[in-house]
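**Q** Questions regarding the structure given below will be posed in turn.
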Amino acid sequence: MSPAELTHVPGFKTREVGSGGLLHIRPEERRKTSSLRLTWVADLGPHNARRCLVPACLMRGTREFPSQRLLNLRTEELWGLSASTSVDRWGQRHLISLRAEFPDEGHLPHGERVFEDAIHLLDQLIHEPNLVEGLFPEEIVESEILQQRRSIEGRIDNKSGWAYQRCLEEACFDEPWRYHQQGTLDDLKHVTPADLTALWNELITHQPMHVHFSGKMPEDRVVDRLSTLFRGNHATGDSLSPRQAIRAAKEPREMVEHAKVQQSNLIMSFRTMISYEHPLNEPLMVANGILGSFPHSRLFTQVREKESLCYSIHSQVDSNMGMMFISSGVDHDTVDQARTGIEKQLAFVRNGEFSEEEFEMTLAAIDSRLRMVQDSPAALADYDLRSRLSGRNPGLEKLRKRVASVTRDEVVAAMELVHPDLTYVLAPEESS
Amino acid sequence: MSWSEDSTILENSTLQERVVERVHSSGARVAFCYKPGYLRTYACFATNFGSVDDRFRIGGGDEIVLPDGVAHFLEHKMFEGIEEDAFQEFSRLGASANAFTGFNGTSYLFSCTDHFYECLSHLVRFVQSPHFTEENVEKEKGIIGQEIRMYEDMPGWRVYFNLLEGMYAHHPVSKDIAGTVETISGIDAPMLQRCWESFYHPSNMILFAVGDQSEEEFFDHADRLLQEKDLGPAPALEKIATLEEAAPAQAQVRQEMQVGRSKLLFGWKDIHPGLSGQDMVRKELVSDLVLECVFGQSGALFEKLQEANLVDDSFGGGYMIYGDVGHSAIGGDVVDPEKVLEVIRAELPQILSSGISEADIDRQRKAATGQLLKSFNSLENIAGSYCSSRFMGADPFEVVDLLNKIQPLEVADRLHDHVRPENLVSSIISPAQG
């Protein structure tokens, strides 16, 4: 198959700002709002939890609006400007982001303006937080430590997410991506306002910084205004650790843990030895598509629909880690049956038994998914950032072409590199 | 051409959106929203049959009472075809398809970047071609059973349905949309067929598309498609309402689960038989504004709770209307739910006596306008808001003008009418002991 011609949707134009900053701007005529994402990139590690406290403290007030309530009153005044922070991970990196979305001025009544005020507020959030004698206020720090502790404790509420993280921690016990982005309770002990203020300073001055903007404003005005967000940032090549090599599977292992749950969460992990640069990366994407990431995939049509063993089942590949995961929620009595069914489907794809139609449907589905990214500025920004961090070209067109040229033999070759690592089950307590 | 009425144009200058709508001779309402530049086109075929529609009669016949979970079960089974399931063809066309069942409706949808008309044809054809057999219905019970178990392990889902169970003594809105493993065990093929014949007639349905397509071509194609199958005259469908008292069924519902943090939701219910159209939209809008002013994160109450470390950013809520009932649900992740409720109960008299200022109303109006603009970026939201507005007999765009017409007196009345301390219902999920 050949990819359909791309309707022209402008991509990001990237420019360096200062020594460590990259400003990515694209015009967006289709939407009614402008969207901005600012991300600092750091290494995942044992201090993720305290790093999470920095954006949380920033959102508690600026010098001009020194409380969260005053800040919220201001964002409402700015036509419901949404400003939020998030903490994610990608491979071995910790991503600390501030996202904002606000109406385009053409939709506001009486010639109202919002762009300048919105950027001013975001600038203040980053550079002029509410400090008392040069430090984050003690009561704010204590409050955010408490909230962060509760968030970490609350991770068990999402059972499938919990099971995935436990599997990852055990399978990759000495690799950097084992660290959860929210960190650990231990790391929150003895954090002081001085520690956090220093951490904030380090983040805005030393960590590589990206700003993605999509909107209707003239480019020179956006560049002019957004460049100021990078002031003081002079990240260098040493700010991040070198890329971690991926590793091969050793002996397959099994692990069962128990919780008060109705349903077992089965997570099977595999080593692929395929990184983003590997020539079989796109064939592996296709193999994963045939196996378990679409409604026409084997896991869905066979294990769910034919065998009625589960409601949720899917596979995913992460080429930063060189791993594949298959996740499913199943009745505990049928976990073994589900595993057998999954293994059968893995062998089916590895043996190249999939039909021409399954293969073509997967190529079309991946291509369609990649094109759909272009309708969402947030998804485009995310794709752009993650591509850069994985060392691949952020151009969607190139990836679409590579996927379109994948052959059946390459899919089989990629699957031959997939070897089981840890199989993890989070099971109901009654079954222990 | 088989359009029984001239087209209606719905538009709004703030949103700068326009929807063209026509009623087909089959009875279906067909509508289109042009979004230039979007690569994706989104379409849905939705029926006004949701989980609350559990009692009905046809042509003055006997009342039919459905077990909980039928609308959702039917949604699952609609994808079953004689040769293959409906997903396969969407996959061949490179489209992604899905469906969801809510309290008031069921929607079948797809989004695609190519082959839009083939996808549209497939959507209409599969929703109009049921294939229920005893064997495939039985098989589905295993899959839905696992879906129900998954919801049982989701504390956010449980805390909401427990709140509804506390609020409503009889109304089906308090029942889990998927039903329970027990209620779905009684579902069979004839029951699904009967529901399909009653609720999936085009007169009870909306076909909607949004994207960068030609309006004329869309209506021509929809016309041909809806003529393919003659489903006869519309059944004389009469939905039967379940009466609900004004007082809550229980003041509090508690459940223990394996959670790291407790979860709290509280709120109040409204009973408003006969409310529809613009009045319904207005009630929802004013209620949301009241709740945002009183319980929102820019309010004094949130600040007080946050300073005492009782709540975090997960705290918030809103108002939802489902036909003849509506309710608020406010809360989040908390450590000490009883303490939060204690503060709220202590503060409410003061809040009620001081009321809501005009400055607060104006600011919320601006914020709500910004949120509306944002929501109209999303093809899914445009489709969802069009279908739900139409099912309640309202215009999806009038919300913007209504927002500007809200009067302080109306806000004050709504505050006192809805927020009644003596009728507060709460739902708590707390960490399991041991």
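Here's how to read the names in the structure tokens: chain A, B, ... by the order shown, residue numbers from 1 in each chain, ligand numbers from 1 in the order shown.
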Given only C-alpha atoms, how would the per-residue table for chain B near chain A read, listing every residue at most 6 Å away with its closest atom pair and distance in Å to one decimal, sorted by chain and number, as CSV?
**A**
```
residue,atom,partner,partner_atom,distance
B:Thr14,CA,A:His107,CA,5.6
B:Tyr38,CA,A:Asp375,CA,5.9
B:Gln88,CA,A:His296,CA,5.7
B:Ser91,CA,A:Met361,CA,5.6
B:Arg92,CA,A:Met361,CA,4.9
B:Gly94,CA,A:Ala365,CA,4.6
B:Gly142,CA,A:Ser308,CA,5.5
B:Ile143,CA,A:Tyr311,CA,5.1
B:Gln146,CA,A:Tyr311,CA,5.4
B:Glu147,CA,A:Tyr311,CA,5.3
B:Arg149,CA,A:Gln262,CA,5.9
B:Gln258,CA,A:Lys260,CA,5.5
B:Val259,CA,A:Asp157,CA,4.9
B:Gly260,CA,A:Gly154,CA,4.0
B:Arg261,CA,A:Gly154,CA,5.3
B:Ser298,CA,A:Arg69,CA,4.8
B:Arg363,CA,A:Glu77,CA,5.6
B:Lys366,CA,A:Trp79,CA,4.9
B:Ala367,CA,A:Gly80,CA,3.6
B:Gly370,CA,A:Trp79,CA,4.8
B:Leu373,CA,A:Lys32,CA,5.9
B:Asn377,CA,A:Arg31,CA,5.5
```
**Q** Going by DSSP on the backbone, which bits of stretch 395-430 of chain B are strand (DSSP E)? Write them as a VMD selection string, please.
**A** chain B and resid 425 to 430
**Q** From the DSSP assignment of the backbone, select every residue of stretch 169-314 of chain A that is alpha helix (DSSP H), and format the answer as a ChimeraX atom specification.
**A** /A:169-171,193-206,219-226,281-292,298
**Q** Take the residues from that selection and put them in a file with N, CA, C and O atoms, as a short mmCIF file (atom, residue, chain, number, x, y, z; two decimals), in the first residue's frame.
**A**
```
data_model
loop_
_atom_site.label_atom_id
_atom_site.label_comp_id
_atom_site.auth_asym_id
_atom_site.auth_seq_id
_atom_site.Cartn_x
_atom_site.Cartn_y
_atom_site.Cartn_z
N GLU A 169 8.52 -2.64 37.13
CA GLU A 169 9.53 -2.55 38.20
C GLU A 169 10.30 -3.86 38.38
O GLU A 169 11.49 -3.86 38.61
N GLU A 170 9.54 -4.94 38.26
CA GLU A 170 10.18 -6.23 38.49
C GLU A 170 10.98 -6.70 37.26
O GLU A 170 12.06 -7.24 37.39
N ALA A 171 10.42 -6.45 36.08
CA ALA A 171 11.10 -6.90 34.86
C ALA A 171 12.36 -6.07 34.62
O ALA A 171 13.38 -6.57 34.14
N PRO A 193 11.62 23.60 52.17
CA PRO A 193 11.37 24.67 51.18
C PRO A 193 12.65 25.05 50.44
O PRO A 193 12.61 25.33 49.24
N ALA A 194 13.79 24.98 51.13
CA ALA A 194 15.05 25.34 50.46
C ALA A 194 15.38 24.31 49.37
O ALA A 194 15.81 24.67 48.27
N ASP A 195 15.16 23.02 49.68
CA ASP A 195 15.42 21.98 48.67
C ASP A 195 14.58 22.23 47.42
O ASP A 195 15.06 22.15 46.29
N LEU A 196 13.31 22.52 47.68
CA LEU A 196 12.40 22.67 46.54
C LEU A 196 12.69 23.92 45.73
O LEU A 196 12.58 23.91 44.50
N THR A 197 13.04 24.98 46.42
CA THR A 197 13.35 26.21 45.70
C THR A 197 14.59 26.00 44.83
O THR A 197 14.65 26.44 43.68
N ALA A 198 15.56 25.24 45.38
CA ALA A 198 16.77 24.94 44.59
C ALA A 198 16.42 24.07 43.39
O ALA A 198 16.93 24.26 42.29
N LEU A 199 15.51 23.15 43.60
CA LEU A 199 15.09 22.24 42.53
C LEU A 199 14.38 23.02 41.41
O LEU A 199 14.57 22.75 40.22
N TRP A 200 13.55 23.98 41.82
CA TRP A 200 12.86 24.84 40.84
C TRP A 200 13.90 25.60 40.01
O TRP A 200 13.82 25.66 38.79
N ASN A 201 14.88 26.16 40.70
CA ASN A 201 15.94 26.91 40.01
C ASN A 201 16.69 26.04 39.03
O ASN A 201 16.97 26.45 37.90
N GLU A 202 16.96 24.82 39.46
CA GLU A 202 17.70 23.89 38.61
C GLU A 202 16.88 23.55 37.36
O GLU A 202 17.39 23.51 36.24
N LEU A 203 15.58 23.33 37.59
CA LEU A 203 14.70 22.97 36.48
C LEU A 203 14.67 24.09 35.44
O LEU A 203 14.85 23.84 34.24
N ILE A 204 14.45 25.32 35.87
CA ILE A 204 14.29 26.39 34.88
C ILE A 204 15.62 26.87 34.29
O ILE A 204 15.64 27.45 33.22
N THR A 205 16.72 26.57 34.97
CA THR A 205 18.01 27.03 34.41
C THR A 205 18.80 25.94 33.72
O THR A 205 19.46 26.18 32.72
N HIS A 206 18.72 24.69 34.24
CA HIS A 206 19.63 23.65 33.74
C HIS A 206 19.00 22.55 32.89
O HIS A 206 19.73 21.84 32.21
N GLU A 219 3.32 34.92 13.58
CA GLU A 219 4.49 34.19 14.06
C GLU A 219 5.50 35.09 14.79
O GLU A 219 6.00 34.73 15.86
N ASP A 220 5.78 36.27 14.23
CA ASP A 220 6.80 37.11 14.87
C ASP A 220 6.38 37.54 16.27
O ASP A 220 7.19 37.62 17.19
N ARG A 221 5.08 37.76 16.43
CA ARG A 221 4.60 38.17 17.76
C ARG A 221 4.73 37.00 18.75
O ARG A 221 5.11 37.19 19.91
N VAL A 222 4.44 35.80 18.26
CA VAL A 222 4.53 34.61 19.13
C VAL A 222 5.99 34.37 19.53
O VAL A 222 6.30 34.17 20.70
N VAL A 223 6.90 34.46 18.54
CA VAL A 223 8.32 34.22 18.82
C VAL A 223 8.81 35.25 19.84
O VAL A 223 9.45 34.91 20.84
N ASP A 224 8.47 36.47 19.57
CA ASP A 224 8.89 37.57 20.42
C ASP A 224 8.45 37.34 21.87
O ASP A 224 9.22 37.45 22.82
N ARG A 225 7.20 36.97 22.01
CA ARG A 225 6.62 36.86 23.35
C ARG A 225 7.07 35.57 24.06
O ARG A 225 7.41 35.58 25.24
N LEU A 226 7.07 34.46 23.32
CA LEU A 226 7.37 33.18 23.96
C LEU A 226 8.86 32.99 24.26
O LEU A 226 9.22 32.21 25.14
N ASN A 281 12.01 -1.50 13.61
CA ASN A 281 11.07 -0.78 14.50
C ASN A 281 9.68 -0.68 13.89
O ASN A 281 8.68 -0.97 14.54
N GLU A 282 9.58 -0.25 12.63
CA GLU A 282 8.26 -0.11 12.00
C GLU A 282 7.61 -1.48 11.77
O GLU A 282 6.41 -1.63 12.02
N PRO A 283 8.39 -2.51 11.32
CA PRO A 283 7.77 -3.84 11.26
C PRO A 283 7.22 -4.30 12.61
O PRO A 283 6.16 -4.93 12.67
N LEU A 284 7.90 -3.93 13.70
CA LEU A 284 7.39 -4.31 15.02
C LEU A 284 6.08 -3.57 15.33
O LEU A 284 5.15 -4.13 15.93
N MET A 285 6.01 -2.29 14.90
CA MET A 285 4.74 -1.54 15.07
C MET A 285 3.61 -2.28 14.36
O MET A 285 2.49 -2.39 14.88
N VAL A 286 3.89 -2.78 13.17
CA VAL A 286 2.87 -3.48 12.39
C VAL A 286 2.52 -4.81 13.06
O VAL A 286 1.34 -5.18 13.20
N ALA A 287 3.55 -5.51 13.54
CA ALA A 287 3.31 -6.79 14.23
C ALA A 287 2.41 -6.56 15.45
O ALA A 287 1.45 -7.31 15.68
N ASN A 288 2.70 -5.50 16.19
CA ASN A 288 1.90 -5.17 17.37
C ASN A 288 0.46 -4.84 16.97
O ASN A 288 -0.49 -5.17 17.68
N GLY A 289 0.31 -4.18 15.82
CA GLY A 289 -1.03 -3.86 15.33
C GLY A 289 -1.81 -5.12 14.96
O GLY A 289 -2.99 -5.25 15.29
N ILE A 290 -1.15 -6.05 14.31
CA ILE A 290 -1.83 -7.30 13.93
C ILE A 290 -2.19 -8.06 15.21
O ILE A 290 -3.27 -8.63 15.34
N LEU A 291 -1.31 -8.00 16.18
CA LEU A 291 -1.50 -8.77 17.41
C LEU A 291 -2.55 -8.15 18.35
O LEU A 291 -3.47 -8.84 18.78
N GLY A 292 -2.41 -6.85 18.65
CA GLY A 292 -3.29 -6.42 19.74
C GLY A 292 -3.55 -4.94 19.94
O GLY A 292 -3.87 -4.57 21.07
N ARG A 298 -5.67 -9.72 16.53
CA ARG A 298 -5.89 -11.12 16.93
C ARG A 298 -6.35 -11.25 18.40
O ARG A 298 -7.23 -12.04 18.70
#
```
**Q** Residues at most 10 Å from A:Ala248, counting only C-alpha atoms, excluding those fewer than 3 positions away in the same chain, as a list in words?
**A**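 Listing them by chain and then by number gives Phe270, Arg271, Thr272, Met273, Ile274, Gly322, Met323, Leu417, Val418, His419, Pro420 and Asp421 of chain A.
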**Q** May I have the residues from that selection written out with N, CA, C and O atoms, as a compact mmCIF listing (two decimals), in the first residue's frame?
**A**
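Written file, selection20.txt:
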```txt
# COMPACT_ATOMS: atom_id res chain seq x y z
N PHE A 270 7.66 -8.68 27.39
CA PHE A 270 8.56 -9.31 26.42
C PHE A 270 9.71 -8.36 26.10
O PHE A 270 9.51 -7.14 26.10
N ARG A 271 10.86 -8.90 25.81
CA ARG A 271 11.98 -8.09 25.32
C ARG A 271 12.01 -8.18 23.81
O ARG A 271 11.87 -9.29 23.25
N THR A 272 12.22 -7.04 23.15
CA THR A 272 12.20 -7.05 21.68
C THR A 272 13.58 -6.80 21.07
O THR A 272 13.79 -7.11 19.90
N MET A 273 14.47 -6.18 21.86
CA MET A 273 15.80 -5.78 21.34
C MET A 273 15.67 -4.83 20.14
O MET A 273 16.57 -4.71 19.33
N ILE A 274 14.51 -4.18 20.03
CA ILE A 274 14.31 -3.26 18.90
C ILE A 274 14.12 -1.85 19.44
O ILE A 274 13.17 -1.58 20.17
N GLY A 322 12.77 -1.19 24.54
CA GLY A 322 12.91 -2.44 23.80
C GLY A 322 11.99 -3.50 24.38
O GLY A 322 12.39 -4.64 24.59
N MET A 323 10.75 -3.11 24.64
CA MET A 323 9.82 -4.07 25.27
C MET A 323 8.45 -4.07 24.62
O MET A 323 8.05 -3.10 23.98
N LEU A 417 12.22 -11.65 17.19
CA LEU A 417 13.09 -11.05 18.21
C LEU A 417 12.36 -10.87 19.55
O LEU A 417 12.95 -10.43 20.53
N VAL A 418 11.05 -11.14 19.56
CA VAL A 418 10.26 -10.91 20.78
C VAL A 418 10.33 -12.14 21.69
O VAL A 418 9.88 -13.22 21.30
N HIS A 419 10.93 -11.97 22.87
CA HIS A 419 11.08 -13.10 23.79
C HIS A 419 10.47 -12.77 25.14
O HIS A 419 10.61 -11.66 25.64
N PRO A 420 9.80 -13.77 25.74
CA PRO A 420 9.11 -13.50 27.00
C PRO A 420 10.07 -13.12 28.12
O PRO A 420 11.16 -13.70 28.23
N ASP A 421 9.64 -12.16 28.93
CA ASP A 421 10.40 -11.80 30.14
C ASP A 421 9.50 -12.16 31.32
O ASP A 421 9.21 -13.34 31.53
```
**Q** Can you tell me which residues surround A:Glu416 at a distance of at most 9 Å, considering only C-alpha atoms, apart from same-chain residues fewer than 5 positions away, and format the answer as a PyMOL selection string?
**A** chain A and resi 272+350-351+411
**Q** Go ahead and compute the interatomic distance for atom CA of B:Asp336 and atom CA of B:Ile428, in Å to one decimal.
**A**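 Separation of atom CA of B:Asp336 and atom CA of B:Ile428: 9.9 Å.
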**Q** Find the residues around B:Gln193 up to 12 Å (only C-alpha atoms counted), leave out those fewer than 3 positions away in its own chain, and share them as a list of chain:residue names.
**A** B:Val70, B:Ala71, B:Phe73, B:Leu74, B:Glu75, B:Lys77, B:Met78, B:Gln128, B:Ser129, B:Pro130, B:His131, B:Phe132, B:Thr133, B:Glu134, B:Val137, B:Ile187, B:Asp188, B:Ala189, B:Pro190, B:Trp196, B:Glu197, B:Ser198, B:Phe199, B:Tyr200, B:His201
**Q** When distances are computed from only C-alpha atoms, which of B:Arg282, B:Arg57, B:Arg158, B:Lys35 shows the smallest separation from B:Met257?
**A**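 Using only C-alpha atoms, B:Met257 sits closest to B:Arg158.
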**Q** Write out as a PyMOL selection string each polymer residue whose atoms come within 7 Å of A:Glu254, counting only C-alpha atoms; drop sequence neighbours fewer than 3 positions from it.
**A** chain A and resi 422-424
**Q** Since we have the selection now, will you write its residues out, keeping N, CA and C atoms, as a compact mmCIF listing (two decimals), in the first residue's frame?
**A**
```txt
# COMPACT_ATOMS: atom_id res chain seq x y z
N LEU A 422 8.96 -11.17 32.02
CA LEU A 422 8.17 -11.47 33.22
C LEU A 422 6.68 -11.55 32.89
N THR A 423 6.00 -12.55 33.44
CA THR A 423 4.53 -12.59 33.39
C THR A 423 4.04 -12.29 34.79
N TYR A 424 3.24 -11.24 34.90
CA TYR A 424 2.81 -10.75 36.22
C TYR A 424 1.29 -10.85 36.32
```
**Q** Name the closest residue to B:Asp212 among the candidates B:Ala46, B:Cys112, B:Ala251, B:Ile184; distances are taken between atoms, counting only C-alpha atoms.
**A**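 Comparing B:Ala46, B:Cys112, B:Ala251, B:Ile184 against B:Asp212, the winner is B:Cys112.
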**Q** With a distance cut-off of 8 Å and only C-alpha atoms, select the neighbouring residues of stretch 332-341 of chain A, excluding the residue or stretch itself and same-chain residues fewer than 3 positions from it, and output the selection as a list in words.
**A**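 Within the cut-off, the hits are Gln263, Ser264, Leu266, Gln302, Val303, Leu309, Lys344, Gln345, Ala427, Pro428 and Ser431 of chain A.
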**Q** Give me a file of those residues, with N, CA and C atoms, as a compact mmCIF listing (two decimals), in the first residue's frame.
**A**
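So result.txt came out as:
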```
# COMPACT_ATOMS: atom_id res chain seq x y z
N GLN A 263 -11.25 -8.96 39.77
CA GLN A 263 -10.77 -9.49 38.50
C GLN A 263 -9.24 -9.53 38.55
N SER A 264 -8.66 -10.51 37.88
CA SER A 264 -7.19 -10.54 37.81
C SER A 264 -6.70 -9.65 36.67
N LEU A 266 -3.68 -9.38 34.20
CA LEU A 266 -2.56 -10.17 33.67
C LEU A 266 -1.70 -9.26 32.80
N GLN A 302 -9.85 -12.97 18.72
CA GLN A 302 -9.77 -14.38 19.13
C GLN A 302 -9.96 -14.55 20.64
N VAL A 303 -9.10 -13.90 21.43
CA VAL A 303 -9.14 -14.15 22.87
C VAL A 303 -10.39 -13.52 23.50
N LEU A 309 -13.05 -14.49 26.90
CA LEU A 309 -12.28 -14.60 28.14
C LEU A 309 -12.10 -13.28 28.86
N LYS A 344 -0.87 -18.42 21.86
CA LYS A 344 -1.25 -18.97 20.55
C LYS A 344 -1.26 -17.85 19.50
N GLN A 345 -1.76 -16.71 19.88
CA GLN A 345 -1.82 -15.58 18.92
C GLN A 345 -0.42 -15.02 18.63
N ALA A 427 -3.81 -10.67 41.44
CA ALA A 427 -4.94 -11.58 41.59
C ALA A 427 -5.78 -11.23 42.82
N PRO A 428 -7.06 -11.68 42.84
CA PRO A 428 -7.88 -11.44 44.03
C PRO A 428 -7.29 -12.17 45.25
N SER A 431 -7.83 -15.87 45.98
CA SER A 431 -7.16 -16.91 45.20
C SER A 431 -5.79 -17.26 45.78
```
**Q** To one decimal place, how far is atom CA of A:Glu343 from atom CA of B:Lys139 in Å?
**A**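 The value is 22.0 Å.
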**Q** I'd like the interatomic distance between atom CA of B:Gly166 and atom CA of B:Val253, to a tenth of an Å.
**A**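 Spanning atom CA of B:Gly166 to atom CA of B:Val253 is a straight-line distance of 5.9 Å.
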**Q** Which is closest to A:Met209 among A:Arg89, A:Lys189, A:Arg37, A:His180, if we use only C-alpha atoms?
**A** A:Arg37
**Q** Have a look at B:Glu256, B:Leu275, B:Val325, B:Val311 and name the one nearest to B:His170; count only C-alpha atoms.
**A** B:Val325
